[in-house]
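Here the structure is laid out as C-alpha cells; the discussion comes afterwards.
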Amino acid sequence: MSERKVINVSTKEAQRQNEIINILAQHISGKGLQYCISTFGCQMNARDSEKIEGMLEQIGYTKTENEEEADFIIYNTCCVRENAELKIYGRLGALKGRRKKNPNFMIALCGCMMQQDIVLDTLKKKFNFIDIIFGTYNIYKLPELLQTRLETKQNVIDIWDSYQDIVEDLPDSRKYDFKACVNIMYGCNNFCTYCIVPYVRGRERSRKPEDIVTEIKALVSEGVKEIMLLGQNVNSYGKTLDEPISFAELLKQINAIEGLKRIRFMTSHPKDLSDELIEVMASCDKICPSVHLPFQSGSTKLLKKMNRHYTKESYLELVRKIKAAIPRVELTTDIIVGFPGETEEDFLDTMEVVEKVHYASAFTFIYSKRTGTPAATMEDQVPEDVTKERFNRLLALVNKQSAATLHKYVGQTVEVLFEEVSKQDDNVLSGRTDTGLLVNTPAPKEYVGKFVKVHIVDNKTHYLIGELAR
Ligand code: 5AD
Ligand code: SF4
C-alpha cells in the first residue's frame, strides 16, 4: 500500500539533505577544514562510513588519516563485543580539551554503540563535550545535524528507535575505484541470544532489487569490477518486500550485469541457505566460490541456547552440499568460545566442526556479555581462564588449517584482483583470488585494480605468496 509513499518520502528526504549540504558548503568549502573518521566493527559500518565521508566531502571537508590535525573527528562505533566499546571511551578521554586549541574542532559519534541507552547515559555524564551524536537509522541526516550544531552552538543528540525510510541517492565516497560494497538489506530478525545487533540495527528490511541493480550498473559504469553485497543475513533477502524475491533470484539478476566480473556476499546464516542458492552459485560465472558461513558453536545443545535453528549435523550436511556443488569453494566462519553453559564436551564439538570443514580462515571470538541480550542473564557463565584456554586451543587449530588450505595453492596459477600496495613492502601488491584468499606478489603499482595471473610459490598462515605468471 505504502510503496509509492515510501519512495516519495525517501527522495524528498534525500533532496532536503542535499540542499543542506549546499548551504553548509558555502560556509565550509575553501576553509581547509579536515575530517578524520575511525570505523570500528563490521563491513556494514565500513559502508556507512563511506556514506558519511561522501556527505562531508560535498560539504567541503577534506579527509585526513591523522587525528591530530583533524578539525572534525567522527567515530563510527561498534558494540558487538565489550572491547570495542572500551576502546571508544579510551579514545574520547584523550580528545578532551582539543577545542581550546582549535575553535572549529568538533566530535561526532555514531553507529551501533549509540543505540544503547546505557551508552548515552555514560556519554552525558562523563563525556559531555561531544558535539553530535546520532545512530544507525539516521546516518543520512548528518548534514542537518551538523547545521543544527553550527547554528545553535548546542550539542545535538538524535537517536531513533527504529528506521523510517531507506534513503537512496545521497553523496557517497568509495575507498576503492574497482570494488564496492552494496547494502542489499539492513537489520536482523534472528535474535541470536548473545547478539546485540537486532537491538541496535532494528528489524530486517530489504532494498528493492531494481534499486540494487541500478546502483550496481552505475558502479560498473564507473569502473567497478567486484561487488560485495552486504546484509546481516543475506539468505533471507527479499522475503518482506511487497513483491517477495529470493536472494538467489537477486543474484541471477546481478550476474547478468555486463562488465561486472565478481560478486561476493556476506553474511550467510546457515539456517536460511537454500538449495536454490547453492545451484545459482554453482551456475553463475560471476559469483565467487567463497562463502562466509558462521557456525558459532559445534554443540547442538549450545546452538539451541543461541537460538541458531540448526544442529551440528545439519550444518555439516549443508557444508557437504555446498562443497559437492561448488568444488573450488572456500569457506570462512565465525566462532564464539565461552558461551554460557559451554562444557569441555561442547567445545570439543566446535573443534570437530573445524576439523571436518577445513576453513580457509575463521574469526574466533571470546563470548562477550552484552546487556539486554538473553544470554547476558543465563546461568553458567564460563570462567575467563577456562574460556581463554579453549580459545587458544581453537586458534591453534584454525591457524593450522588456514595454513594447510593455503598450502594447497602452492604451484597453482590463479587470477588475482590486486587491491593495494602492501603495508609491509612498497614493491608488493596485495590482492585476492576469487575464492577470497589474500595473495602478496611483487608487482608494479599500475596493476592495482587489475585482474592478473599469479603463480603461487609459497604461503604463510594467512596469505599466499605469488609471482607474476609469465
Ligand atoms: N560475544 C562474542 N562474539 C559475538 N558475536 C556477536 N555477538 C557476540 C558476543 N556477544 C560474533 C558472532 C558474529 C560476529 C559478527 O560477532 O560470531 O557472527
Ligand atoms: Fe547477530 Fe545472529 Fe543477527 Fe548475526 S544473525 S546479526 S549473529 S542476531
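Chain lettering (A, B, ...) mirrors the order of the C-alpha cells, residue numbering begins at 1 for each chain separately, and ligand numbering begins at 1 in order of display.
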Do you have, as JSON lines, the list of residues of chain A lying at most 7 Å from ligand 2, each with its nearest atom pair and that distance in Å to one decimal, counting only C-alpha atoms and all ligand atoms and ordered by chain then number?
{"residue": "A:Cys188", "atom": "CA", "partner": "ligand 2", "partner_atom_place_in_ligand_line": "3 (Fe)", "distance": 4.8}
{"residue": "A:Asn189", "atom": "CA", "partner": "ligand 2", "partner_atom_place_in_ligand_line": "3 (Fe)", "distance": 6.3}
{"residue": "A:Asn190", "atom": "CA", "partner": "ligand 2", "partner_atom_place_in_ligand_line": "8 (S)", "distance": 4.8}
{"residue": "A:Phe191", "atom": "CA", "partner": "ligand 2", "partner_atom_place_in_ligand_line": "8 (S)", "distance": 4.2}
{"residue": "A:Cys192", "atom": "CA", "partner": "ligand 2", "partner_atom_place_in_ligand_line": "8 (S)", "distance": 4.2}
{"residue": "A:Cys195", "atom": "CA", "partner": "ligand 2", "partner_atom_place_in_ligand_line": "1 (Fe)", "distance": 4.5}
{"residue": "A:Ile196", "atom": "CA", "partner": "ligand 2", "partner_atom_place_in_ligand_line": "1 (Fe)", "distance": 6.4}
{"residue": "A:Val197", "atom": "CA", "partner": "ligand 2", "partner_atom_place_in_ligand_line": "6 (S)", "distance": 5.0}
{"residue": "A:Pro198", "atom": "CA", "partner": "ligand 2", "partner_atom_place_in_ligand_line": "8 (S)", "distance": 5.7}
{"residue": "A:Gln232", "atom": "CA", "partner": "ligand 2", "partner_atom_place_in_ligand_line": "6 (S)", "distance": 5.1}
{"residue": "A:Asn233", "atom": "CA", "partner": "ligand 2", "partner_atom_place_in_ligand_line": "5 (S)", "distance": 5.9}
{"residue": "A:His269", "atom": "CA", "partner": "ligand 2", "partner_atom_place_in_ligand_line": "5 (S)", "distance": 6.3}
So that I have them on file, write out the residues from the current selection with C-alpha atoms, as a short mmCIF file (atom, residue, chain, number, x, y, z; two decimals), in the first residue's frame.
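Wrote it out as again.cif, contents follow:
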data_model
loop_
_atom_site.label_atom_id
_atom_site.label_comp_id
_atom_site.auth_asym_id
_atom_site.auth_seq_id
_atom_site.Cartn_x
_atom_site.Cartn_y
_atom_site.Cartn_z
CA CYS A 188 18.34 -8.52 11.56
CA ASN A 189 15.38 -10.57 12.76
CA ASN A 190 17.25 -13.53 14.15
CA PHE A 191 17.87 -12.59 17.75
CA CYS A 192 20.73 -14.96 18.39
CA CYS A 195 23.93 -10.74 19.90
CA ILE A 196 23.12 -7.06 20.30
CA VAL A 197 22.75 -6.35 16.58
CA PRO A 198 18.94 -6.79 16.31
CA GLN A 232 23.32 -9.39 8.34
CA ASN A 233 21.59 -12.40 6.86
CA HIS A 269 23.05 -17.68 8.03
#
Please produce, as a tab-separated table, a per-residue contact table for chain A versus ligand 1 (criterion: any atom at most 8 Å away, only C-alpha atoms and all ligand atoms considered), showing the nearest atom pair and its distance in Å to one decimal, sorted by chain then residue number.
residue	atom	partner	partner_atom_place_in_ligand_line	distance
A:Cys42	CA	ligand 1	15 (C)	7.1
A:Val80	CA	ligand 1	7 (N)	5.0
A:Arg81	CA	ligand 1	1 (N)	5.3
A:Tyr194	CA	ligand 1	10 (N)	4.5
A:Cys195	CA	ligand 1	7 (N)	4.0
A:Ile196	CA	ligand 1	7 (N)	6.4
A:Val197	CA	ligand 1	7 (N)	7.6
A:Pro294	CA	ligand 1	18 (O)	5.7
A:Phe295	CA	ligand 1	17 (O)	7.8
A:Gln296	CA	ligand 1	17 (O)	5.5
A:Thr333	CA	ligand 1	18 (O)	7.8
A:Asp334	CA	ligand 1	17 (O)	4.5
A:Ile335	CA	ligand 1	17 (O)	5.1
A:Ile336	CA	ligand 1	17 (O)	5.4
A:Val337	CA	ligand 1	2 (C)	7.7
A:Phe339	CA	ligand 1	1 (N)	7.9
A:Phe363	CA	ligand 1	17 (O)	7.4
A:Thr364	CA	ligand 1	17 (O)	7.2
A:Phe365	CA	ligand 1	3 (N)	5.0
A:Ile366	CA	ligand 1	2 (C)	5.3
A:Tyr367	CA	ligand 1	1 (N)	3.7
A:Ser368	CA	ligand 1	1 (N)	3.7
A:Lys369	CA	ligand 1	10 (N)	5.4
A:Arg370	CA	ligand 1	10 (N)	5.5
Could those residues be written to a file, using N, CA and C atoms, as a PDB file, in the first residue's frame?
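Saved to part_20.pdb:
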ATOM      1  N   CYS A  42      32.101  -3.997  11.764  1.00  0.00           N
ATOM      2  CA  CYS A  42      31.923  -4.845  10.574  1.00  0.00           C
ATOM      3  C   CYS A  42      31.861  -4.051   9.267  1.00  0.00           C
ATOM      4  N   VAL A  80      29.335  -4.917  19.307  1.00  0.00           N
ATOM      5  CA  VAL A  80      29.138  -6.369  19.286  1.00  0.00           C
ATOM      6  C   VAL A  80      29.871  -7.023  20.453  1.00  0.00           C
ATOM      7  N   ARG A  81      31.052  -6.499  20.772  1.00  0.00           N
ATOM      8  CA  ARG A  81      31.779  -7.009  21.941  1.00  0.00           C
ATOM      9  C   ARG A  81      32.199  -5.832  22.824  1.00  0.00           C
ATOM     10  N   TYR A 194      23.108 -14.183  22.053  1.00  0.00           N
ATOM     11  CA  TYR A 194      24.297 -13.461  22.505  1.00  0.00           C
ATOM     12  C   TYR A 194      24.425 -12.088  21.852  1.00  0.00           C
ATOM     13  N   CYS A 195      23.604 -11.826  20.837  1.00  0.00           N
ATOM     14  CA  CYS A 195      23.935 -10.742  19.900  1.00  0.00           C
ATOM     15  C   CYS A 195      23.099  -9.490  20.098  1.00  0.00           C
ATOM     16  N   ILE A 196      23.769  -8.358  20.058  1.00  0.00           N
ATOM     17  CA  ILE A 196      23.121  -7.061  20.305  1.00  0.00           C
ATOM     18  C   ILE A 196      22.588  -6.440  18.997  1.00  0.00           C
ATOM     19  N   VAL A 197      23.048  -6.978  17.870  1.00  0.00           N
ATOM     20  CA  VAL A 197      22.749  -6.345  16.576  1.00  0.00           C
ATOM     21  C   VAL A 197      21.248  -6.090  16.339  1.00  0.00           C
ATOM     22  N   PRO A 294      29.081 -18.467   9.215  1.00  0.00           N
ATOM     23  CA  PRO A 294      29.335 -18.572  10.648  1.00  0.00           C
ATOM     24  C   PRO A 294      28.613 -19.760  11.257  1.00  0.00           C
ATOM     25  N   PHE A 295      29.330 -20.544  12.085  1.00  0.00           N
ATOM     26  CA  PHE A 295      28.611 -21.637  12.763  1.00  0.00           C
ATOM     27  C   PHE A 295      28.525 -21.409  14.265  1.00  0.00           C
ATOM     28  N   GLN A 296      29.359 -20.513  14.789  1.00  0.00           N
ATOM     29  CA  GLN A 296      29.319 -20.035  16.194  1.00  0.00           C
ATOM     30  C   GLN A 296      29.688 -21.110  17.214  1.00  0.00           C
ATOM     31  N   THR A 333      34.393 -18.603   8.480  1.00  0.00           N
ATOM     32  CA  THR A 333      33.355 -18.705   9.513  1.00  0.00           C
ATOM     33  C   THR A 333      33.623 -17.788  10.700  1.00  0.00           C
ATOM     34  N   ASP A 334      32.629 -17.688  11.573  1.00  0.00           N
ATOM     35  CA  ASP A 334      32.776 -17.024  12.876  1.00  0.00           C
ATOM     36  C   ASP A 334      32.501 -18.060  13.955  1.00  0.00           C
ATOM     37  N   ILE A 335      33.284 -18.023  15.028  1.00  0.00           N
ATOM     38  CA  ILE A 335      33.108 -18.983  16.124  1.00  0.00           C
ATOM     39  C   ILE A 335      33.175 -18.234  17.455  1.00  0.00           C
ATOM     40  N   ILE A 336      32.269 -18.582  18.350  1.00  0.00           N
ATOM     41  CA  ILE A 336      32.296 -17.986  19.694  1.00  0.00           C
ATOM     42  C   ILE A 336      32.729 -19.052  20.705  1.00  0.00           C
ATOM     43  N   VAL A 337      33.676 -18.690  21.550  1.00  0.00           N
ATOM     44  CA  VAL A 337      34.123 -19.593  22.615  1.00  0.00           C
ATOM     45  C   VAL A 337      33.660 -19.035  23.955  1.00  0.00           C
ATOM     46  N   PHE A 339      30.505 -19.405  25.390  1.00  0.00           N
ATOM     47  CA  PHE A 339      29.085 -19.062  25.552  1.00  0.00           C
ATOM     48  C   PHE A 339      28.581 -19.714  26.851  1.00  0.00           C
ATOM     49  N   PHE A 363      37.096 -16.338  12.021  1.00  0.00           N
ATOM     50  CA  PHE A 363      37.156 -15.298  13.048  1.00  0.00           C
ATOM     51  C   PHE A 363      36.716 -15.941  14.356  1.00  0.00           C
ATOM     52  N   THR A 364      37.610 -15.930  15.328  1.00  0.00           N
ATOM     53  CA  THR A 364      37.302 -16.572  16.601  1.00  0.00           C
ATOM     54  C   THR A 364      37.093 -15.493  17.663  1.00  0.00           C
ATOM     55  N   PHE A 365      36.004 -15.614  18.411  1.00  0.00           N
ATOM     56  CA  PHE A 365      35.675 -14.597  19.401  1.00  0.00           C
ATOM     57  C   PHE A 365      35.474 -15.214  20.772  1.00  0.00           C
ATOM     58  N   ILE A 366      35.947 -14.508  21.773  1.00  0.00           N
ATOM     59  CA  ILE A 366      35.601 -14.885  23.142  1.00  0.00           C
ATOM     60  C   ILE A 366      34.232 -14.284  23.425  1.00  0.00           C
ATOM     61  N   TYR A 367      33.330 -15.087  23.967  1.00  0.00           N
ATOM     62  CA  TYR A 367      31.977 -14.598  24.256  1.00  0.00           C
ATOM     63  C   TYR A 367      32.046 -13.337  25.120  1.00  0.00           C
ATOM     64  N   SER A 368      31.282 -12.341  24.722  1.00  0.00           N
ATOM     65  CA  SER A 368      31.246 -11.086  25.468  1.00  0.00           C
ATOM     66  C   SER A 368      29.801 -10.813  25.876  1.00  0.00           C
ATOM     67  N   LYS A 369      29.619 -10.596  27.171  1.00  0.00           N
ATOM     68  CA  LYS A 369      28.268 -10.417  27.705  1.00  0.00           C
ATOM     69  C   LYS A 369      27.722  -9.061  27.281  1.00  0.00           C
ATOM     70  N   ARG A 370      26.592  -9.041  26.594  1.00  0.00           N
ATOM     71  CA  ARG A 370      26.004  -7.781  26.150  1.00  0.00           C
ATOM     72  C   ARG A 370      24.700  -7.517  26.889  1.00  0.00           C
TER      73      ARG A 370
END
Practice problem: Please report, as a PyMOL selection string, each residue of range 7-121 of chain A to which DSSP assigns helix (DSSP H, G or I) when run on this structure's backbone. | Solution: chain A and resi 7-28+43-59+67-69+82-95+98-101+112-115+117-121
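Note that CA of Glu467 in chain A and CA of Thr441 in chain A are 5.5 Å apart.
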Exercise. Please return as a PyMOL selection string: the residues of range 161-205 of chain A that backbone DSSP assigns to strand (DSSP E or B).
Key: chain A and resi 179-183+185-186+205
Self-check item: Contact residues around Arg91 in chain A with only C-alpha atoms at 12 Å, ignoring same-chain residues under 3 positions, as a PyMOL selection string
Solution: chain A and resi 38+67+73-75+77+84-88+94-96+107+109+127
Quiz item: Smallest atom-to-atom distance to Cys112 in chain A: which of A:Arg320, A:Lys141, A:Arg201, A:Arg174, using only C-alpha atoms?
Solution: A:Arg201
